[in-house]
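So the structure is just underneath, and the comments pick up after that.
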Amino acid sequence: MKNYKQTLAYTFLAIIGLTFNSCTKDFTGVNTDPIGKSTTTANQLLAPALVGVLNANMSRNWNFNNQLMQVTVEINDSEGRVFRYDVRRTQADYTWNNWYLFLTDLKDIYTIASKPESLNKSYQGISLVAQTWVSQLLTDTYGDVPYSEANLGKEGNVQPKFDRQKDIYADMFAKLEQANQLLKEGTPINTTGDPVFQGDVSKWRRFCNSLYLRLLLRASGKAEVAPTIIAKIKQIVDGNPSEYPIMQNNTHTAKILWNGTNSSTAVFSSPFMVNIRAADFRGIPICNFFLGNLVTWDDPRMNSNLTGNNVNRFCIDAAPNGGFVGIPSGYAQGSGLSVLSHFNSDAENKPTLQTDRFTGIIMNAAEVDFILAEAAARGWISGPTEKYYYKGMVDAINYWLPNYISTTTDSRFIDYVQAANLDWDSTLPLDNTTSGNSQLEMIHIQKYYAMFLVDFQQWFEYRRTGHPILPKGPGLVNNQKMPARLNYPV
């Protein structure tokens with residue numbers, strides 16, 4: 001027994017010795033970065049940051065925004081159902097963590113592009129635009145958030161102060177003013193590192209000022225700043241177009257085109273393919289509100305004869321008994337509903353939005369049209385309002401069906417508008433959130449469809465305006481009041 005214990009002890013000491021030697025031998029070499037890069041470039045940071053933000057946006061658009069805004073609705077009677085306004089606290093973590101993570105890279109782009117050896121005004125401007133895009137998402141989702149001291153952990157600030165939303169908006173306006181001037185220079189950038197505009201700096205500038213209009217309109221309801229806001233909107237729209245160029249058509253839409261495959265690992269694979277299982281994609285039915293309007297209007301995006309593959313452009317499957325039938329949102333528990341119409345999934349061997357190249361929308365031209373339509377209806381810019389209203393409808397349809405409608409005077413568009421009873425009616429009151437029969441309702445129901453799949457923008461606009469008028473089901477909690485923001489993560 002003594003010899004056995006001695007053998008065990010010697011063996012144990014030998015193992016310790018080998019382990020210690022293996023830990024100390026070539027320790028420096030083993031822990032040396034094999035790539036050997038200690039620096040990076042603005043070009044190398046841009047694409048991963050933009051894709052990362054859009055990944056988070058699309059994931060939460062699908063399982064949060066679409067549930068709140070009656071695009072889709074689950075068949076589920078358990079607690080924590082977003083479509084009933086019952087939002088779990090854990091919903092807040094994902095976007096907070098991802099937006100702040102990639103905001104660090106977007107800020108670093110500006111720092112790198114400001115150094116003498118890598119000076120580039122276009123990358124400075126793009127950084128400011130992208131920072132504002134993410135900051136707007138943060139403050140519109142959570143309210144007051146870390147801003148002026150955010151992303152300074154490497155400087156030792158791990159408890160940044162929370163800035164007031166009004167101060168954040170003021171600084172975002174300043175950033176976009178600065179970006180507009182920087183991008184005006186047109187300094188060339190790397191085309192392959194820009195997944196949004198492929199190096200076209202002039203389109204980044206259009207996105208800059210279009211985003212500016214989005215933020216100005218969102219802040220226009222605050223009485224203390226309204227006169228200044230309205231004057232700025234008028235300056236951008238009615239002033240010299242070369243000073244504040246904005247999106248004019250779908251070639252200016254800010255988007256990332258995905259690779260169109262069902263790979264979950266390839267470069268530029270759609271987040272819908274990467275993050276959502278096929279069973280979950282097709283297993284959630286489409287809501288009455290979203291689907292019903294499209295069917296009533298006989299909307300071209302629901303016409304399977306226009307796509308060349310016998311599937312409508314939104315890739316919506318018919319109900320089992322035929323036709324397109326949605327589920328009412330906010331239904332009471334125990335209603336015993338079943339899945340009817342749903343979006344096709346990758347597993348069904350049909351065209352599907354799950355792999356669609358065009359779902360990576362950051363901001364589109366149609367949204368800008370409807371911003372202008374509202375500004376014209378309110379008398380802030382020159383009209384007529386219907387010019388912007390109709391153009392928004394055309395751009396929204398053409399995004400999904402390119403060149404289907406040539407202009408607002410195209411006979412196919414005129415026939416569609418008249419048959420769907422969507423003609424602009426200037427005799428309506430500006431606003432009426434009780435009956436919904438108003439100019440703002442006409443504008444915002446079309447804007448709702450134009451912003452389909454665009455992060456939380458439908459939710460943000462509904463909170464601002466109360467439009468479009470959404471039906472209130474008997475199963476809604478929170479006194480049937482739409483949640484105003486997400487809670488702060490722990």
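Following the order of the structure tokens, first chain is A, next is B, and so on, with residues numbered from 1 inside each chain and ligands from 1 in the order they appear.
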
Neighbours of Val196 of chain A within 8 Å (only C-alpha atoms; same-chain residues fewer than 5 positions away dropped), as an NGL selection string? :A and (254-257)

Test item: residues at most 9 Å from Phe290 of chain A, only C-alpha atoms, excluding those fewer than 5 positions along its chain, as a list of chain:residue names: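 So the residues in contact are A:Met69, A:Gln70, A:Val71, A:Thr72, A:Gly326, A:Tyr449.
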
Exercise: segment 113-121 of chain A partners within 7 Å, only C-alpha atoms, chain neighbours under 2 positions left out, as JSON, numbers by chain: {"A": [42, 109, 110, 111, 123, 124, 125, 182, 183, 187]}

Mind writing the picked residues with N, CA, C and O atoms as a CSV table (one decimal), in the first residue's frame?
chain,number,residue,atom,x,y,z
A,42,ALA,N,-11.3,52.4,-41.0
A,42,ALA,CA,-12.7,52.7,-41.0
A,42,ALA,C,-13.4,51.8,-41.9
A,42,ALA,O,-14.6,51.3,-41.6
A,109,ILE,N,-14.9,54.6,-36.0
A,109,ILE,CA,-14.8,55.0,-37.4
A,109,ILE,C,-14.5,56.5,-37.5
A,109,ILE,O,-13.6,56.9,-38.3
A,110,TYR,N,-15.2,57.2,-36.8
A,110,TYR,CA,-15.0,58.7,-36.8
A,110,TYR,C,-13.6,59.0,-36.2
A,110,TYR,O,-12.9,59.9,-36.8
A,111,THR,N,-13.2,58.3,-35.2
A,111,THR,CA,-11.8,58.6,-34.6
A,111,THR,C,-10.7,58.3,-35.6
A,111,THR,O,-9.8,59.0,-35.8
A,123,TYR,N,-15.9,59.2,-44.4
A,123,TYR,CA,-16.0,58.3,-43.3
A,123,TYR,C,-16.4,59.0,-42.0
A,123,TYR,O,-17.2,58.4,-41.2
A,124,GLN,N,-16.0,60.2,-41.8
A,124,GLN,CA,-16.4,61.0,-40.6
A,124,GLN,C,-17.9,61.2,-40.7
A,124,GLN,O,-18.7,61.0,-39.8
A,125,GLY,N,-18.4,61.6,-41.9
A,125,GLY,CA,-19.8,61.9,-42.1
A,125,GLY,C,-20.6,60.6,-42.0
A,125,GLY,O,-21.7,60.6,-41.3
A,182,LEU,N,-19.8,67.4,-44.2
A,182,LEU,CA,-18.7,66.5,-44.5
A,182,LEU,C,-18.9,65.7,-45.7
A,182,LEU,O,-18.0,65.5,-46.6
A,183,LEU,N,-20.1,65.2,-45.9
A,183,LEU,CA,-20.4,64.3,-47.1
A,183,LEU,C,-20.5,65.1,-48.4
A,183,LEU,O,-20.3,64.6,-49.5
A,187,THR,N,-15.5,62.9,-50.6
A,187,THR,CA,-14.2,62.2,-50.6
A,187,THR,C,-14.5,60.7,-50.8
A,187,THR,O,-15.4,60.1,-50.2

If you measure from atom CA of Gln44 of chain A to atom CA of Val134 of chain A, what distance in Å do you get, rounded to one decimal? 18.7 Å

Nearby residues (only C-alpha atoms) at most 8 Å from segment 339-343 of chain A, same-chain spacing under 3 positions excluded, as a list of chain:residue names: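 The contact residues come out as A:Ile75, A:Phe281, A:Arg282, A:Gly283, A:Ile284, A:Pro285, A:Ile286, A:Phe314, A:Cys315, A:Ile316, A:Asp317, A:Ala318, A:Ala319, A:Pro320, A:Phe324, A:Val325, A:Gly326, A:Ile327, A:Thr352, A:Leu353.
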
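Interatomic distance, atom CA of Asp415 of chain A to atom CA of Gln458 of chain A: 27.6 Å.
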
Please identify all polymer residues within 9 Å of segment 300-308 of chain A, counting only C-alpha atoms, omitting same-chain residues fewer than 3 positions from it, and present them as number ranges by chain. A: 294-295, 297, 311-316, 397, 400-401, 404, 416

Selection: 8 Å around segment 390-395 of chain A, only C-alpha atoms, excl. self and same-chain fewer than 6 positions, as a count of residues only: 15

Expressed in Å to a single decimal, how great is the separation between atom CA of Thr39 of chain A and atom CA of Thr192 of chain A? 19.4 Å

Could you tell me, as a ChimeraX atom specification, which residues of segment 302-436 of chain A DSSP assigns to alpha helix (DSSP H) when given the backbone? /A:365-377,385-400,411-419

Would you mind exporting N, CA, C and O atoms of the selected residues as a short mmCIF file (atom, residue, chain, number, x, y, z; two decimals), in the first residue's frame?
data_model
loop_
_atom_site.label_atom_id
_atom_site.label_comp_id
_atom_site.auth_asym_id
_atom_site.auth_seq_id
_atom_site.Cartn_x
_atom_site.Cartn_y
_atom_site.Cartn_z
N ALA A 365 -37.23 55.23 -49.45
CA ALA A 365 -37.69 56.47 -50.07
C ALA A 365 -39.17 56.73 -49.79
O ALA A 365 -39.59 57.88 -49.66
N ALA A 366 -39.97 55.66 -49.69
CA ALA A 366 -41.40 55.84 -49.44
C ALA A 366 -41.65 56.51 -48.10
O ALA A 366 -42.57 57.34 -47.97
N GLU A 367 -40.85 56.16 -47.08
CA GLU A 367 -41.03 56.81 -45.78
C GLU A 367 -40.81 58.31 -45.91
O GLU A 367 -41.54 59.12 -45.31
N VAL A 368 -39.83 58.72 -46.69
CA VAL A 368 -39.55 60.14 -46.89
C VAL A 368 -40.74 60.81 -47.56
O VAL A 368 -41.15 61.91 -47.19
N ASP A 369 -41.33 60.14 -48.57
CA ASP A 369 -42.50 60.69 -49.24
C ASP A 369 -43.63 60.98 -48.25
O ASP A 369 -44.27 62.03 -48.31
N PHE A 370 -43.86 60.04 -47.34
CA PHE A 370 -44.96 60.21 -46.38
C PHE A 370 -44.62 61.22 -45.29
O PHE A 370 -45.53 61.87 -44.73
N ILE A 371 -43.35 61.39 -44.99
CA ILE A 371 -42.94 62.49 -44.10
C ILE A 371 -43.32 63.82 -44.74
O ILE A 371 -43.88 64.71 -44.10
N LEU A 372 -43.02 63.93 -46.03
CA LEU A 372 -43.34 65.16 -46.76
C LEU A 372 -44.85 65.34 -46.89
O LEU A 372 -45.36 66.48 -46.82
N ALA A 373 -45.57 64.25 -47.07
CA ALA A 373 -47.04 64.34 -47.17
C ALA A 373 -47.62 64.90 -45.87
O ALA A 373 -48.50 65.78 -45.90
N GLU A 374 -47.13 64.42 -44.73
CA GLU A 374 -47.64 64.94 -43.46
C GLU A 374 -47.26 66.41 -43.28
O GLU A 374 -48.09 67.22 -42.83
N ALA A 375 -46.03 66.75 -43.63
CA ALA A 375 -45.60 68.15 -43.49
C ALA A 375 -46.45 69.06 -44.37
O ALA A 375 -46.80 70.17 -43.98
N ALA A 376 -46.78 68.59 -45.58
CA ALA A 376 -47.60 69.39 -46.48
C ALA A 376 -49.03 69.50 -45.95
O ALA A 376 -49.65 70.58 -46.00
N ALA A 377 -49.56 68.40 -45.41
CA ALA A 377 -50.92 68.42 -44.87
C ALA A 377 -51.03 69.38 -43.70
O ALA A 377 -52.06 70.02 -43.49
N THR A 385 -50.43 68.15 -51.04
CA THR A 385 -50.19 66.96 -50.23
C THR A 385 -50.30 65.69 -51.04
O THR A 385 -49.51 64.75 -50.87
N GLU A 386 -51.27 65.64 -51.96
CA GLU A 386 -51.49 64.41 -52.72
C GLU A 386 -50.29 64.03 -53.58
O GLU A 386 -50.09 62.84 -53.88
N LYS A 387 -49.49 65.01 -53.96
CA LYS A 387 -48.29 64.69 -54.75
C LYS A 387 -47.37 63.75 -53.97
O LYS A 387 -46.89 62.74 -54.50
N TYR A 388 -47.15 64.06 -52.71
CA TYR A 388 -46.29 63.23 -51.87
C TYR A 388 -46.99 61.93 -51.47
O TYR A 388 -46.36 60.87 -51.38
N TYR A 389 -48.29 62.02 -51.22
CA TYR A 389 -49.07 60.85 -50.82
C TYR A 389 -49.04 59.78 -51.91
O TYR A 389 -48.72 58.60 -51.65
N TYR A 390 -49.33 60.17 -53.12
CA TYR A 390 -49.33 59.20 -54.22
C TYR A 390 -47.92 58.69 -54.53
O TYR A 390 -47.73 57.50 -54.82
N LYS A 391 -46.95 59.57 -54.47
CA LYS A 391 -45.59 59.13 -54.74
C LYS A 391 -45.12 58.12 -53.69
O LYS A 391 -44.41 57.16 -54.01
N GLY A 392 -45.53 58.31 -52.43
CA GLY A 392 -45.19 57.35 -51.40
C GLY A 392 -45.77 55.98 -51.70
O GLY A 392 -45.09 54.95 -51.50
N MET A 393 -47.00 55.94 -52.18
CA MET A 393 -47.62 54.67 -52.52
C MET A 393 -46.88 54.00 -53.67
O MET A 393 -46.63 52.78 -53.65
N VAL A 394 -46.51 54.77 -54.67
CA VAL A 394 -45.78 54.23 -55.83
C VAL A 394 -44.42 53.68 -55.40
O VAL A 394 -44.03 52.57 -55.77
N ASP A 395 -43.68 54.46 -54.62
CA ASP A 395 -42.35 54.01 -54.19
C ASP A 395 -42.45 52.77 -53.30
O ASP A 395 -41.59 51.89 -53.36
N ALA A 396 -43.48 52.70 -52.46
CA ALA A 396 -43.64 51.55 -51.57
C ALA A 396 -43.93 50.28 -52.38
O ALA A 396 -43.38 49.21 -52.09
N ILE A 397 -44.78 50.39 -53.37
CA ILE A 397 -45.09 49.23 -54.21
C ILE A 397 -43.89 48.84 -55.07
O ILE A 397 -43.53 47.66 -55.18
N ASN A 398 -43.24 49.84 -55.65
CA ASN A 398 -42.12 49.56 -56.54
C ASN A 398 -40.90 49.00 -55.81
O ASN A 398 -40.05 48.36 -56.44
N TYR A 399 -40.79 49.23 -54.50
CA TYR A 399 -39.66 48.63 -53.79
C TYR A 399 -39.73 47.12 -53.89
O TYR A 399 -38.72 46.44 -54.07
N TRP A 400 -40.94 46.58 -53.74
CA TRP A 400 -41.12 45.13 -53.79
C TRP A 400 -41.38 44.61 -55.20
O TRP A 400 -41.09 43.44 -55.49
N SER A 411 -51.48 54.36 -65.69
CA SER A 411 -52.88 53.93 -65.67
C SER A 411 -53.10 52.79 -64.68
O SER A 411 -54.17 52.69 -64.06
N ARG A 412 -52.09 51.91 -64.51
CA ARG A 412 -52.25 50.82 -63.55
C ARG A 412 -52.38 51.34 -62.12
O ARG A 412 -53.14 50.80 -61.32
N PHE A 413 -51.62 52.40 -61.83
CA PHE A 413 -51.70 52.98 -60.50
C PHE A 413 -53.03 53.69 -60.30
O PHE A 413 -53.67 53.55 -59.24
N ILE A 414 -53.46 54.44 -61.29
CA ILE A 414 -54.74 55.16 -61.18
C ILE A 414 -55.89 54.17 -60.99
O ILE A 414 -56.77 54.37 -60.15
N ASP A 415 -55.87 53.09 -61.77
CA ASP A 415 -56.93 52.08 -61.64
C ASP A 415 -56.92 51.44 -60.25
O ASP A 415 -57.98 51.20 -59.65
N TYR A 416 -55.72 51.17 -59.74
CA TYR A 416 -55.58 50.57 -58.41
C TYR A 416 -56.14 51.49 -57.34
O TYR A 416 -56.93 51.07 -56.48
N VAL A 417 -55.75 52.75 -57.38
CA VAL A 417 -56.18 53.72 -56.36
C VAL A 417 -57.69 53.89 -56.38
O VAL A 417 -58.35 53.90 -55.33
N GLN A 418 -58.26 53.98 -57.55
CA GLN A 418 -59.70 54.19 -57.66
C GLN A 418 -60.48 52.96 -57.21
O GLN A 418 -61.47 53.07 -56.47
N ALA A 419 -60.03 51.78 -57.63
CA ALA A 419 -60.72 50.55 -57.25
C ALA A 419 -60.63 50.30 -55.75
O ALA A 419 -61.57 49.77 -55.13
#

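Distances to Thr228 of chain A were evaluated for A:Trp380, A:Phe64, A:Asn97, A:Leu430 using only C-alpha atoms, and the minimum falls at A:Trp380.
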